[in-house]
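J.: Have a peek at upload_2.cif (mmCIF, C-alpha atoms).
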data_work
loop_
_atom_site.label_atom_id
_atom_site.label_comp_id
_atom_site.auth_asym_id
_atom_site.auth_seq_id
_atom_site.Cartn_x
_atom_site.Cartn_y
_atom_site.Cartn_z
CA MET A 1 4.67 66.65 -15.83
CA SER A 2 4.85 63.46 -13.79
CA SER A 3 1.20 62.67 -14.47
CA HIS A 4 1.74 62.99 -18.23
CA THR A 5 4.83 60.78 -17.98
CA SER A 6 3.04 58.08 -16.00
CA SER A 7 0.08 58.08 -18.37
CA GLY A 8 2.44 57.81 -21.32
CA GLN A 9 4.20 54.90 -19.66
CA ALA A 10 0.85 53.22 -19.04
CA ARG A 11 -0.06 53.57 -22.70
CA THR A 12 3.33 52.21 -23.72
CA SER A 13 3.01 49.22 -21.38
CA GLY A 14 -0.51 48.58 -22.68
CA ALA A 15 0.75 48.65 -26.26
CA ARG A 16 3.51 46.23 -25.36
CA ALA A 17 0.97 43.92 -23.69
CA VAL A 18 -1.06 43.78 -26.88
CA ALA A 19 2.07 43.43 -29.02
CA ARG A 20 3.03 40.30 -27.10
CA HIS A 21 0.08 38.56 -28.70
CA GLY A 22 -0.20 40.17 -32.12
CA TRP A 23 -0.64 38.79 -35.60
CA VAL A 24 2.57 36.76 -35.63
CA HIS A 25 1.58 34.88 -32.48
CA ALA A 26 -1.95 34.42 -33.83
CA LEU A 27 -0.56 32.97 -37.06
CA GLY A 28 1.62 30.59 -35.08
CA THR A 29 -1.36 29.46 -33.02
CA VAL A 30 -3.53 28.77 -36.07
CA LEU A 31 -0.79 27.06 -38.07
CA GLY A 32 0.24 24.99 -35.05
CA GLY A 33 -3.31 23.78 -34.51
CA LEU A 34 -3.89 22.95 -38.17
CA LEU A 35 -0.54 21.22 -38.53
CA ALA A 36 -1.16 19.06 -35.46
CA MET A 37 -4.62 18.08 -36.69
CA MET A 38 -3.38 17.26 -40.18
CA VAL A 39 -0.51 15.13 -38.86
CA VAL A 40 -2.83 13.12 -36.60
CA ALA A 41 -5.43 12.77 -39.36
CA THR A 42 -2.81 11.73 -41.92
CA LEU A 43 -1.27 9.07 -39.69
CA GLY A 44 -4.67 7.78 -38.59
CA LEU A 45 -6.03 7.52 -42.13
CA TRP A 46 -2.81 5.90 -43.32
CA ALA A 47 -3.12 3.30 -40.56
CA ALA A 48 -6.75 2.77 -41.59
CA GLY A 49 -5.70 2.04 -45.18
CA ALA A 50 -6.92 5.26 -46.76
CA ALA A 51 -3.59 5.75 -48.51
CA ASP A 52 -4.77 3.11 -51.03
CA LEU A 53 -7.79 5.13 -52.12
CA PRO A 54 -7.85 5.55 -55.91
CA GLY A 55 -7.35 8.70 -57.89
CA GLY A 56 -5.20 10.61 -55.47
CA ALA A 57 -8.02 10.83 -52.94
CA PHE A 58 -5.84 10.59 -49.83
CA ALA A 59 -4.95 14.28 -49.50
CA PRO A 60 -8.56 15.51 -49.96
CA VAL A 61 -9.74 12.88 -47.46
CA VAL A 62 -7.25 14.23 -44.93
CA MET A 63 -8.59 17.74 -45.51
CA ALA A 64 -12.17 16.50 -45.13
CA THR A 65 -11.26 14.73 -41.89
CA VAL A 66 -9.88 17.96 -40.43
CA VAL A 67 -13.02 19.81 -41.52
CA THR A 68 -15.30 17.27 -39.84
CA ALA A 69 -13.08 17.36 -36.74
CA VAL A 70 -14.11 20.98 -36.13
CA GLY A 71 -17.77 20.25 -36.80
CA GLY A 72 -17.81 20.92 -40.54
CA ALA A 73 -20.29 19.27 -42.87
CA VAL A 74 -19.02 16.90 -45.57
CA LYS A 75 -21.59 15.85 -48.16
CA LEU A 76 -21.27 12.55 -50.00
CA SER A 77 -22.52 12.21 -53.55
CA GLY A 78 -22.56 9.33 -56.00
CA SER A 79 -23.39 8.39 -59.55
CA ALA A 80 -23.66 5.04 -61.30
CA GLY A 81 -24.70 5.67 -64.86
CA ASP A 82 -28.09 6.23 -66.42
CA PHE A 83 -29.72 3.07 -65.05
CA ALA A 84 -28.31 3.00 -61.56
CA ASP A 85 -28.38 5.10 -58.48
CA THR A 86 -26.20 5.48 -55.42
CA GLN A 87 -27.06 6.75 -51.99
CA ALA A 88 -24.43 7.60 -49.42
CA GLY A 89 -24.12 9.56 -46.21
CA LEU A 90 -21.63 9.92 -43.40
CA THR A 91 -21.82 11.77 -40.09
CA VAL A 92 -19.00 11.25 -37.62
CA ILE A 93 -16.53 13.48 -35.80
CA PRO A 94 -12.97 12.10 -35.48
CA LEU A 95 -12.54 13.26 -31.91
CA SER A 96 -8.86 12.34 -31.66
CA VAL A 97 -8.16 14.95 -34.33
CA THR A 98 -10.56 17.37 -32.64
CA LEU A 99 -8.92 16.97 -29.24
CA THR A 100 -5.42 17.43 -30.67
CA GLY A 101 -6.33 20.67 -32.38
CA ALA A 102 -8.19 21.99 -29.34
CA LEU A 103 -5.23 21.36 -27.02
CA VAL A 104 -2.70 23.01 -29.35
CA ILE A 105 -4.87 26.05 -30.09
CA ALA A 106 -5.79 26.47 -26.43
CA TRP A 107 -2.11 26.40 -25.47
CA GLY A 108 -1.26 28.97 -28.15
CA PHE A 109 -4.16 31.17 -27.07
CA LEU A 110 -3.21 31.12 -23.39
CA ARG A 111 0.58 31.34 -23.72
CA PRO A 112 0.85 35.14 -24.17
CA LEU A 113 -1.64 35.70 -21.33
CA ARG A 114 0.38 33.93 -18.65
CA HIS A 115 1.38 35.68 -15.42
CA ARG A 116 -1.46 38.18 -15.67
CA ALA A 117 -4.00 38.66 -12.90
CA VAL A 118 -6.58 40.61 -14.91
CA ALA A 119 -6.99 41.40 -18.59
CA GLY A 120 -9.37 43.90 -20.16
CA ALA A 121 -12.30 42.64 -22.20
CA ALA A 122 -11.13 44.68 -25.20
CA GLU A 123 -7.66 43.14 -25.04
CA LEU A 124 -8.98 39.58 -24.84
CA ALA A 125 -11.46 40.25 -27.64
CA GLY A 126 -8.73 41.71 -29.85
CA TRP A 127 -6.42 38.75 -29.27
CA ALA A 128 -9.23 36.26 -29.96
CA ALA A 129 -10.28 38.21 -33.08
CA ARG A 130 -6.78 37.95 -34.57
CA ILE A 131 -6.85 34.18 -34.19
CA ALA A 132 -10.43 34.02 -35.53
CA VAL A 133 -9.61 35.98 -38.69
CA LEU A 134 -6.69 33.71 -39.57
CA TRP A 135 -8.70 30.63 -38.62
CA LEU A 136 -11.47 31.79 -40.95
CA LEU A 137 -9.06 32.01 -43.87
CA ALA A 138 -7.65 28.59 -43.06
CA LEU A 139 -11.14 27.07 -42.85
CA ILE A 140 -12.10 28.46 -46.25
CA GLY A 141 -8.98 26.94 -47.78
CA LEU A 142 -9.61 23.58 -46.11
CA THR A 143 -13.23 23.35 -47.16
CA LEU A 144 -12.42 24.21 -50.77
CA ALA A 145 -9.67 21.58 -50.88
CA ALA A 146 -11.77 18.84 -49.24
CA ARG A 147 -13.53 17.50 -52.34
CA HIS A 148 -12.88 14.54 -54.59
CA THR A 149 -14.58 11.85 -56.70
CA PHE A 150 -13.33 8.32 -57.25
CA ASP A 151 -14.54 4.97 -58.58
CA ILE A 152 -15.85 2.15 -56.37
CA SER A 153 -14.91 -1.36 -57.42
CA LEU A 154 -17.81 -3.81 -57.66
CA GLY A 155 -15.47 -6.56 -56.52
CA ASP A 156 -17.21 -9.68 -57.77
CA GLU A 157 -16.62 -10.44 -61.48
CA GLU A 158 -20.29 -11.10 -62.22
CA LEU A 159 -21.29 -7.86 -60.49
CA GLY A 160 -18.68 -6.06 -62.57
CA GLU A 161 -20.16 -7.46 -65.79
CA LEU A 162 -23.64 -6.48 -64.62
CA GLY A 163 -22.42 -3.00 -63.83
CA ASP A 164 -20.85 -2.70 -67.28
CA LEU A 165 -24.06 -3.92 -68.93
CA PHE A 166 -26.17 -1.24 -67.30
CA GLY A 167 -23.48 1.41 -67.27
CA ALA A 168 -23.51 1.21 -63.49
CA SER A 169 -19.87 1.77 -62.63
CA PRO A 170 -20.33 3.48 -59.31
CA LYS A 171 -18.54 6.66 -58.42
CA ILE A 172 -18.62 8.32 -55.07
CA GLY A 173 -17.44 11.75 -54.15
CA PHE A 174 -17.49 14.20 -51.32
CA THR A 175 -17.67 17.95 -51.01
CA THR A 176 -18.02 20.32 -48.11
CA ASP A 177 -20.80 22.69 -47.27
CA VAL A 178 -18.52 25.74 -47.19
CA PRO A 179 -20.77 28.29 -45.41
CA LEU A 180 -21.97 25.82 -42.78
CA SER A 181 -18.50 24.37 -42.21
CA VAL A 182 -16.93 27.81 -41.82
CA PHE A 183 -19.64 28.95 -39.41
CA VAL A 184 -19.47 25.83 -37.24
CA GLY A 185 -15.67 25.92 -37.35
CA LEU A 186 -15.69 29.47 -35.99
CA VAL A 187 -18.12 28.45 -33.24
CA TRP A 188 -15.79 25.55 -32.41
CA LEU A 189 -12.83 27.92 -32.16
CA ALA A 190 -14.78 30.26 -29.89
CA GLY A 191 -15.70 27.34 -27.66
CA VAL A 192 -12.07 26.22 -27.43
CA MET A 193 -10.87 29.68 -26.42
CA VAL A 194 -13.65 30.23 -23.87
CA LEU A 195 -13.06 26.79 -22.35
CA ALA A 196 -9.32 27.48 -22.21
CA LEU A 197 -9.96 30.65 -20.20
CA LEU A 198 -12.28 28.77 -17.87
CA VAL A 199 -9.94 25.84 -17.28
CA SER A 200 -6.69 27.70 -16.75
CA ARG A 201 -6.40 29.10 -13.24
CA GLY A 202 -3.48 31.29 -14.34
CA ALA A 203 -5.25 32.90 -17.30
CA PRO A 204 -6.53 36.45 -16.75
CA LEU A 205 -10.20 37.35 -16.83
CA PRO A 206 -11.90 40.72 -17.23
CA ALA A 207 -12.63 42.26 -13.84
CA GLY A 208 -16.38 41.86 -14.31
CA LEU A 209 -16.07 38.08 -14.64
CA LEU A 210 -13.81 37.42 -11.65
CA ARG A 211 -16.79 36.68 -9.40
CA PHE A 212 -17.63 33.63 -11.52
CA GLN A 213 -14.26 31.93 -11.26
CA THR A 214 -14.97 30.39 -7.85
CA SER A 215 -17.84 28.28 -9.15
CA VAL A 216 -16.93 27.84 -12.84
CA ARG A 217 -13.18 27.41 -13.12
CA PRO A 218 -12.67 24.46 -10.73
CA ALA A 219 -15.61 22.58 -12.23
CA ALA A 220 -14.45 23.22 -15.81
CA TYR A 221 -10.93 22.08 -14.96
CA ALA A 222 -12.24 18.93 -13.30
CA MET A 223 -14.36 17.98 -16.32
CA VAL A 224 -11.52 18.52 -18.79
CA ALA A 225 -9.22 16.46 -16.55
CA LEU A 226 -11.88 13.73 -16.40
CA LEU A 227 -12.22 13.56 -20.19
CA LEU A 228 -8.45 13.53 -20.71
CA ALA A 229 -8.05 10.81 -18.08
CA TYR A 230 -10.46 8.59 -20.00
CA VAL A 231 -8.50 9.16 -23.20
CA VAL A 232 -5.20 8.29 -21.51
CA ILE A 233 -6.68 5.11 -20.03
CA GLY A 234 -8.13 4.18 -23.42
CA VAL A 235 -4.79 4.68 -25.17
CA VAL A 236 -2.97 2.55 -22.58
CA ILE A 237 -5.51 -0.27 -22.93
CA ALA A 238 -5.34 -0.07 -26.73
CA LEU A 239 -1.54 -0.27 -26.71
CA VAL A 240 -1.65 -3.29 -24.41
CA VAL A 241 -4.18 -4.99 -26.70
CA ALA A 242 -2.05 -4.20 -29.75
CA ALA A 243 1.05 -5.63 -28.07
CA THR A 244 -0.63 -8.82 -26.87
CA ARG A 245 -3.22 -9.60 -29.52
CA GLY A 246 -1.86 -8.05 -32.69
CA HIS A 247 -3.76 -5.81 -35.14
CA ALA A 248 -1.37 -2.99 -34.33
CA THR A 249 -2.15 -0.97 -37.46
CA GLU A 250 -5.89 -1.02 -36.88
CA THR A 251 -5.38 -0.14 -33.22
CA PHE A 252 -3.25 2.88 -34.08
CA ALA A 253 -5.94 4.00 -36.52
CA VAL A 254 -8.47 3.93 -33.70
CA ILE A 255 -6.13 5.81 -31.35
CA LEU A 256 -5.37 8.53 -33.90
CA LEU A 257 -8.91 8.98 -35.20
CA GLY A 258 -11.52 7.91 -32.69
CA MET A 259 -10.23 7.08 -29.22
CA PRO A 260 -12.34 9.79 -27.50
CA ASN A 261 -15.37 8.54 -29.43
CA LEU A 262 -15.00 5.17 -27.71
CA VAL A 263 -13.89 6.10 -24.21
CA TRP A 264 -16.36 8.96 -23.77
CA LEU A 265 -19.09 6.60 -24.95
CA ALA A 266 -17.88 4.22 -22.23
CA LEU A 267 -18.11 7.04 -19.68
CA THR A 268 -21.81 7.58 -20.41
CA ILE A 269 -22.55 3.85 -20.47
CA GLY A 270 -20.86 3.45 -17.08
CA LEU A 271 -23.25 6.10 -15.75
CA GLY A 272 -26.16 3.93 -16.91
CA ALA A 273 -26.97 5.70 -20.17
CA THR A 274 -28.41 3.88 -23.16
CA TRP A 275 -27.43 4.32 -26.79
CA THR A 276 -29.36 2.84 -29.68
CA GLY A 277 -27.97 1.73 -32.99
CA ARG A 278 -27.59 -0.86 -35.70
CA VAL A 279 -24.77 -2.26 -37.80
CA GLU A 280 -25.48 -3.78 -41.20
CA GLY A 281 -23.30 -4.72 -44.16
CA PRO A 282 -19.60 -3.94 -44.49
CA PHE A 283 -19.61 -1.24 -41.85
CA GLY A 284 -18.41 -1.97 -38.37
CA LEU A 285 -17.31 -0.41 -35.14
CA PRO A 286 -13.54 -0.57 -34.55
CA MET A 287 -13.08 -1.90 -31.01
CA PRO A 288 -13.97 -3.48 -28.73
CA GLN A 289 -15.66 -6.18 -30.76
CA VAL A 290 -18.50 -6.49 -28.25
CA LEU A 291 -20.00 -3.24 -29.56
CA ASP A 292 -20.30 -4.67 -33.05
CA GLU A 293 -21.77 -7.91 -31.70
CA VAL A 294 -24.52 -6.12 -29.78
CA LEU A 295 -25.47 -3.82 -32.65
CA ARG A 296 -25.28 -6.24 -35.59
CA THR A 297 -28.91 -7.38 -35.42
CA PRO A 298 -31.89 -7.20 -37.79
CA VAL A 299 -33.55 -4.57 -35.61
CA ILE A 300 -32.41 -1.51 -33.68
CA SER A 301 -30.48 -2.56 -30.59
CA GLU A 302 -29.83 -0.98 -27.23
CA LEU A 303 -26.29 -0.42 -26.01
CA ASN A 304 -25.99 -0.23 -22.23
CA LEU A 305 -24.45 -2.08 -19.30
CA ARG A 306 -27.10 -4.80 -19.36
CA THR A 307 -26.89 -5.64 -23.06
CA LEU A 308 -23.10 -5.45 -23.12
CA SER A 309 -22.74 -7.65 -20.04
CA GLU A 310 -24.70 -10.39 -21.80
CA HIS A 311 -21.77 -10.66 -24.22
CA ASP A 312 -18.89 -9.77 -21.91
CA GLY A 313 -19.23 -9.51 -18.12
CA ARG A 314 -16.10 -7.34 -17.90
CA VAL A 315 -18.09 -4.29 -19.00
CA TRP A 316 -19.19 -3.85 -15.37
CA TRP A 317 -15.70 -2.45 -14.81
CA LEU A 318 -16.99 0.65 -16.60
CA LEU A 319 -19.12 1.33 -13.54
CA VAL A 320 -16.14 0.94 -11.22
CA ILE A 321 -13.96 3.20 -13.38
CA ASP A 322 -16.69 5.85 -13.46
CA VAL A 323 -16.95 5.85 -9.66
CA MET A 324 -13.20 6.21 -9.17
CA LEU A 325 -12.61 8.86 -11.81
CA LEU A 326 -15.68 10.92 -10.88
CA LEU A 327 -14.60 10.92 -7.24
CA ALA A 328 -11.12 11.99 -8.34
CA ALA A 329 -12.57 14.77 -10.49
CA ALA A 330 -14.78 15.95 -7.62
CA PHE A 331 -11.77 15.93 -5.29
CA VAL A 332 -9.75 18.03 -7.75
CA MET A 333 -12.64 20.44 -8.16
CA ALA A 334 -12.98 20.91 -4.40
CA ALA A 335 -9.21 21.19 -3.89
CA ARG A 336 -9.03 24.02 -6.41
CA SER A 337 -11.94 25.90 -4.81
CA PRO A 338 -11.79 28.36 -1.91
CA ALA A 339 -12.41 26.87 1.54
CA ARG A 340 -15.53 29.00 1.99
CA VAL A 341 -17.41 26.94 -0.63
CA ARG A 342 -19.67 24.47 1.17
CA ALA A 343 -20.01 20.77 0.42
CA TRP A 344 -23.54 21.09 -0.94
CA GLN A 345 -22.35 23.84 -3.28
CA HIS A 346 -19.63 21.54 -4.58
CA ALA A 347 -22.29 18.91 -5.18
CA VAL A 348 -24.37 21.35 -7.24
CA HIS A 349 -21.35 22.55 -9.22
CA MET A 350 -20.34 18.96 -9.96
CA ALA A 351 -23.85 18.00 -11.04
CA VAL A 352 -24.17 20.93 -13.44
CA ALA A 353 -20.67 20.38 -14.86
CA LEU A 354 -21.20 16.64 -15.38
CA MET A 355 -24.61 17.24 -16.93
CA LEU A 356 -23.09 19.63 -19.49
CA THR A 357 -20.23 17.23 -20.14
CA VAL A 358 -22.55 14.30 -20.83
CA PHE A 359 -24.70 16.54 -23.03
CA MET A 360 -21.60 17.44 -25.06
CA ILE A 361 -20.57 13.78 -25.40
CA CYS A 362 -24.03 12.85 -26.64
CA LEU A 363 -23.89 15.57 -29.29
CA VAL A 364 -20.43 14.84 -30.67
CA GLY A 365 -20.49 11.04 -30.24
CA ARG A 366 -23.26 10.29 -32.73
CA ILE A 367 -22.34 8.15 -35.74
CA SER A 368 -24.27 7.64 -38.95
CA ALA A 369 -23.13 6.02 -42.20
CA HIS A 370 -24.91 4.38 -45.11
CA TYR A 371 -24.15 3.39 -48.69
CA GLY A 372 -26.20 1.61 -51.31
CA LEU A 373 -26.20 0.91 -55.06
CA SER A 374 -29.35 -0.07 -56.97
CA VAL A 375 -30.03 -0.81 -60.64
CA LEU A 376 -33.29 0.19 -62.33
CA GLY A 377 -34.54 1.22 -58.89
CA ILE A 378 -34.71 -2.41 -57.75
CA GLY A 379 -32.89 -3.48 -54.63
CA ASP A 380 -29.21 -3.48 -53.96
CA LEU A 381 -26.55 -5.10 -56.09
CA GLY A 382 -25.30 -6.88 -52.99
CA GLY A 383 -21.74 -8.06 -52.83
CA GLY A 384 -21.18 -6.14 -49.64
CA LEU A 385 -21.79 -2.82 -51.39
CA GLY A 386 -24.69 -1.70 -49.24
CA GLY A 387 -24.84 -1.15 -45.54
CA GLU A 388 -25.82 1.06 -42.66
CA LEU A 389 -24.33 2.03 -39.33
CA PHE A 390 -25.75 4.42 -36.79
CA LEU A 391 -25.30 5.05 -33.10
CA ARG A 392 -27.21 7.69 -31.16
CA PRO A 393 -27.90 8.34 -27.48
CA ARG A 394 -31.09 8.60 -25.53
CA LEU A 395 -30.09 12.14 -24.79
CA TRP A 396 -32.25 13.30 -21.91
CA GLY A 397 -31.98 10.00 -20.09
CA ALA A 398 -28.19 10.27 -20.18
CA VAL A 399 -28.22 13.91 -19.09
CA GLY A 400 -30.66 13.14 -16.30
CA LEU A 401 -28.44 10.34 -14.95
CA ALA A 402 -25.54 12.78 -14.71
CA VAL A 403 -27.37 14.85 -12.07
CA PRO A 404 -27.46 12.29 -9.21
CA TRP A 405 -23.97 11.09 -10.10
CA GLY A 406 -22.69 14.66 -9.89
CA LEU A 407 -24.48 15.41 -6.63
CA VAL A 408 -23.18 12.32 -4.84
CA THR A 409 -19.59 12.43 -6.11
CA GLY A 410 -19.40 16.21 -5.71
CA PHE A 411 -20.43 16.02 -2.06
CA ALA A 412 -18.06 13.10 -1.38
CA GLY A 413 -15.18 14.87 -3.14
CA ALA A 414 -15.76 17.98 -1.02
CA LEU A 415 -15.52 15.92 2.17
CA LEU A 416 -12.31 14.27 0.98
CA ALA A 417 -10.73 17.64 0.13
CA ARG A 418 -11.56 19.53 3.33
CA HIS A 419 -7.98 19.79 4.58
CA VAL A 420 -6.52 20.39 1.13
CA ARG A 421 -8.86 23.31 0.60
CA ARG A 422 -7.64 25.03 3.77
CA ARG A 423 -4.11 24.96 2.44
CA GLY A 424 -5.23 26.42 -0.88
CA GLU A 425 -7.29 29.27 0.54
CA VAL A 426 -4.48 31.82 0.55
CA ARG A 427 -3.67 31.11 -3.09
CA SER A 428 -7.30 31.51 -4.09
CA ASP A 429 -7.66 34.81 -2.24
CA SER A 430 -4.52 36.22 -3.77
CA GLU A 431 -5.74 35.31 -7.25
CA SER A 432 -9.09 36.96 -6.76
#
Step by step, read the file and then write its structure as structure tokens.
T.:
Amino acid sequence: MSSHTSSGQARTSGARAVARHGWVHALGTVLGGLLAMMVVATLGLWAAGAADLPGGAFAPVVMATVVTAVGGAVKLSGSAGDFADTQAGLTVIPLSVTLTGALVIAWGFLRPLRHRAVAGAAELAGWAARIAVLWLLALIGLTLAARHTFDISLGDEELGELGDLFGASPKIGFTTDVPLSVFVGLVWLAGVMVLALLVSRGAPLPAGLLRFQTSVRPAAYAMVALLLAYVVIGVVIALVVAATRGHATETFAVILLGMPNLVWLALTIGLGATWTGRVEGPFGLPMPQVLDEVLRTPVISELNLRTLSEHDGRVWWLLVIDVMLLLAAAFVMAARSPARVRAWQHAVHMAVALMLTVFMICLVGRISAHYGLSVLGIGDLGGGLGGELFLRPRLWGAVGLAVPWGLVTGFAGALLARHVRRRGEVRSDSES
């Protein structure tokens, strides 16, 4: 009788555990993430002047920004009458919007799992699946709403007359690749939830994965803390610049749309990485101005510490900031690890984690944009209507530089955290 009672109680407690993170909580997590992303995107685009787009384009542009923030594909299209042609393309991830959504969704995903030592794989999969199903429906709605077409003014009066003569009143529109955007958006969600489990020391893991938490969790936490620290520093610097030099609206647009794009680029450049790119026409990089100066050349330019220092010697501070923050991240990683982990193991963990982090930055930090209008297949109408902007990393060089940086700072951080780790050993053992 007692055995049947205890088993019934176990089933009841298990049902209650699942009920704590059922469909209602999943809906709140998805809606919270989407609402946060849409608010940040709306404010950022408003600050950037997108509210003045013709034909009620602002709302669809906000939707498209959220779609691109989770890795979705937005396709630009254009038409300019029977005698003219337009070409347009845009590839950029607004990482401020991405980061906001990731933090909110990760918090919602982890909240019902707090104060649990171990969770079954089936339970975690069921909880993640609820969020994924609702996220899928939301993504489909977003991608279908993110489409619009509007006219582009030729600006100059003579160009306008020429456009009217040839029937070349340019229109540009955008749509989303629904299947690709939905698939990549689901992969993004899965990555956010997996990373949330890895970063949070208090989140439960299936029993079979507990042996990996010693090496993976401290390193994952340190890398997320490193990336967030760069964003915080970038926001502080941007606010100071806005307060002292003006251009507050443009600065807030950068903060709300692309601050991680800039500061994580700075992280890789401080490590010695090289990016290549070019700026032509009306396009431009937001701030600092030195980036635009280096890249606005007739040929493809290199963006690294050497080329930037030729325009502004203060860029060498990027190297100093990298040293300090990487040492701090390595210290945090070692302090959160059991005392039995040796210094050389910390160095390896740091190197692998930093290598993956730099690889991620290189993938999401690429920028590409172009627009052109030609008549009768000859040239560009000019008037600032055509241009090109692209920025891409030398990927394997950047990833390779992360290895020695990680080894050195990981070993140094382990030495700095020797005494701290002894105090944390009991907590680590009790968790495992």
J.: Measuring between only C-alpha atoms, which one of A:Ala146, A:Ala47, A:Ala138, A:Ala330 shows the shortest distance to A:Thr65?
T.: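 Distance minimum relative to A:Thr65 lands on A:Ala146.
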J.: How many Å separate atom CA of A:Val92 from atom CA of A:Ala229?
T.: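 Atom CA of A:Ala229 lies at a distance of 22.4 Å from atom CA of A:Val92.
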J.: Could you state which residues are captured by the PyMOL selection byres ((chain A and resi 59) around 12) in this file, as a PyMOL selection string?
T.: chain A and resi 38-39+41-43+45-46+50-58+60-66+142+145-148
J.: Find, counting all atoms listed in the file, the residue in A:Leu295, A:Leu95, A:Leu305, A:Val348 that gets nearest to A:Arg392.
T.: A:Leu295
J.: Running the PyMOL selection byres ((chain A and resi 307-324) around 9) on this model by hand, what would come out? Give it as a ChimeraX atom specification.
T.: /A:266-272,290-291,293-294,301-306,325-329,405,409
J.: Measure the distance from atom CA of A:Ala73 to atom CA of A:Asp177 in Å and round it to one decimal.
T.: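 A separation of 5.6 Å between them.
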J.: Could you tell me which residues the PyMOL selection byres ((chain A and resi 94) around 8) returns for this structure, as a list of chain:residue names?
T.: A:Thr65, A:Thr68, A:Ala69, A:Val92, A:Ile93, A:Leu95, A:Ser96, A:Val97, A:Thr98, A:Leu257, A:Gly258, A:Asn261
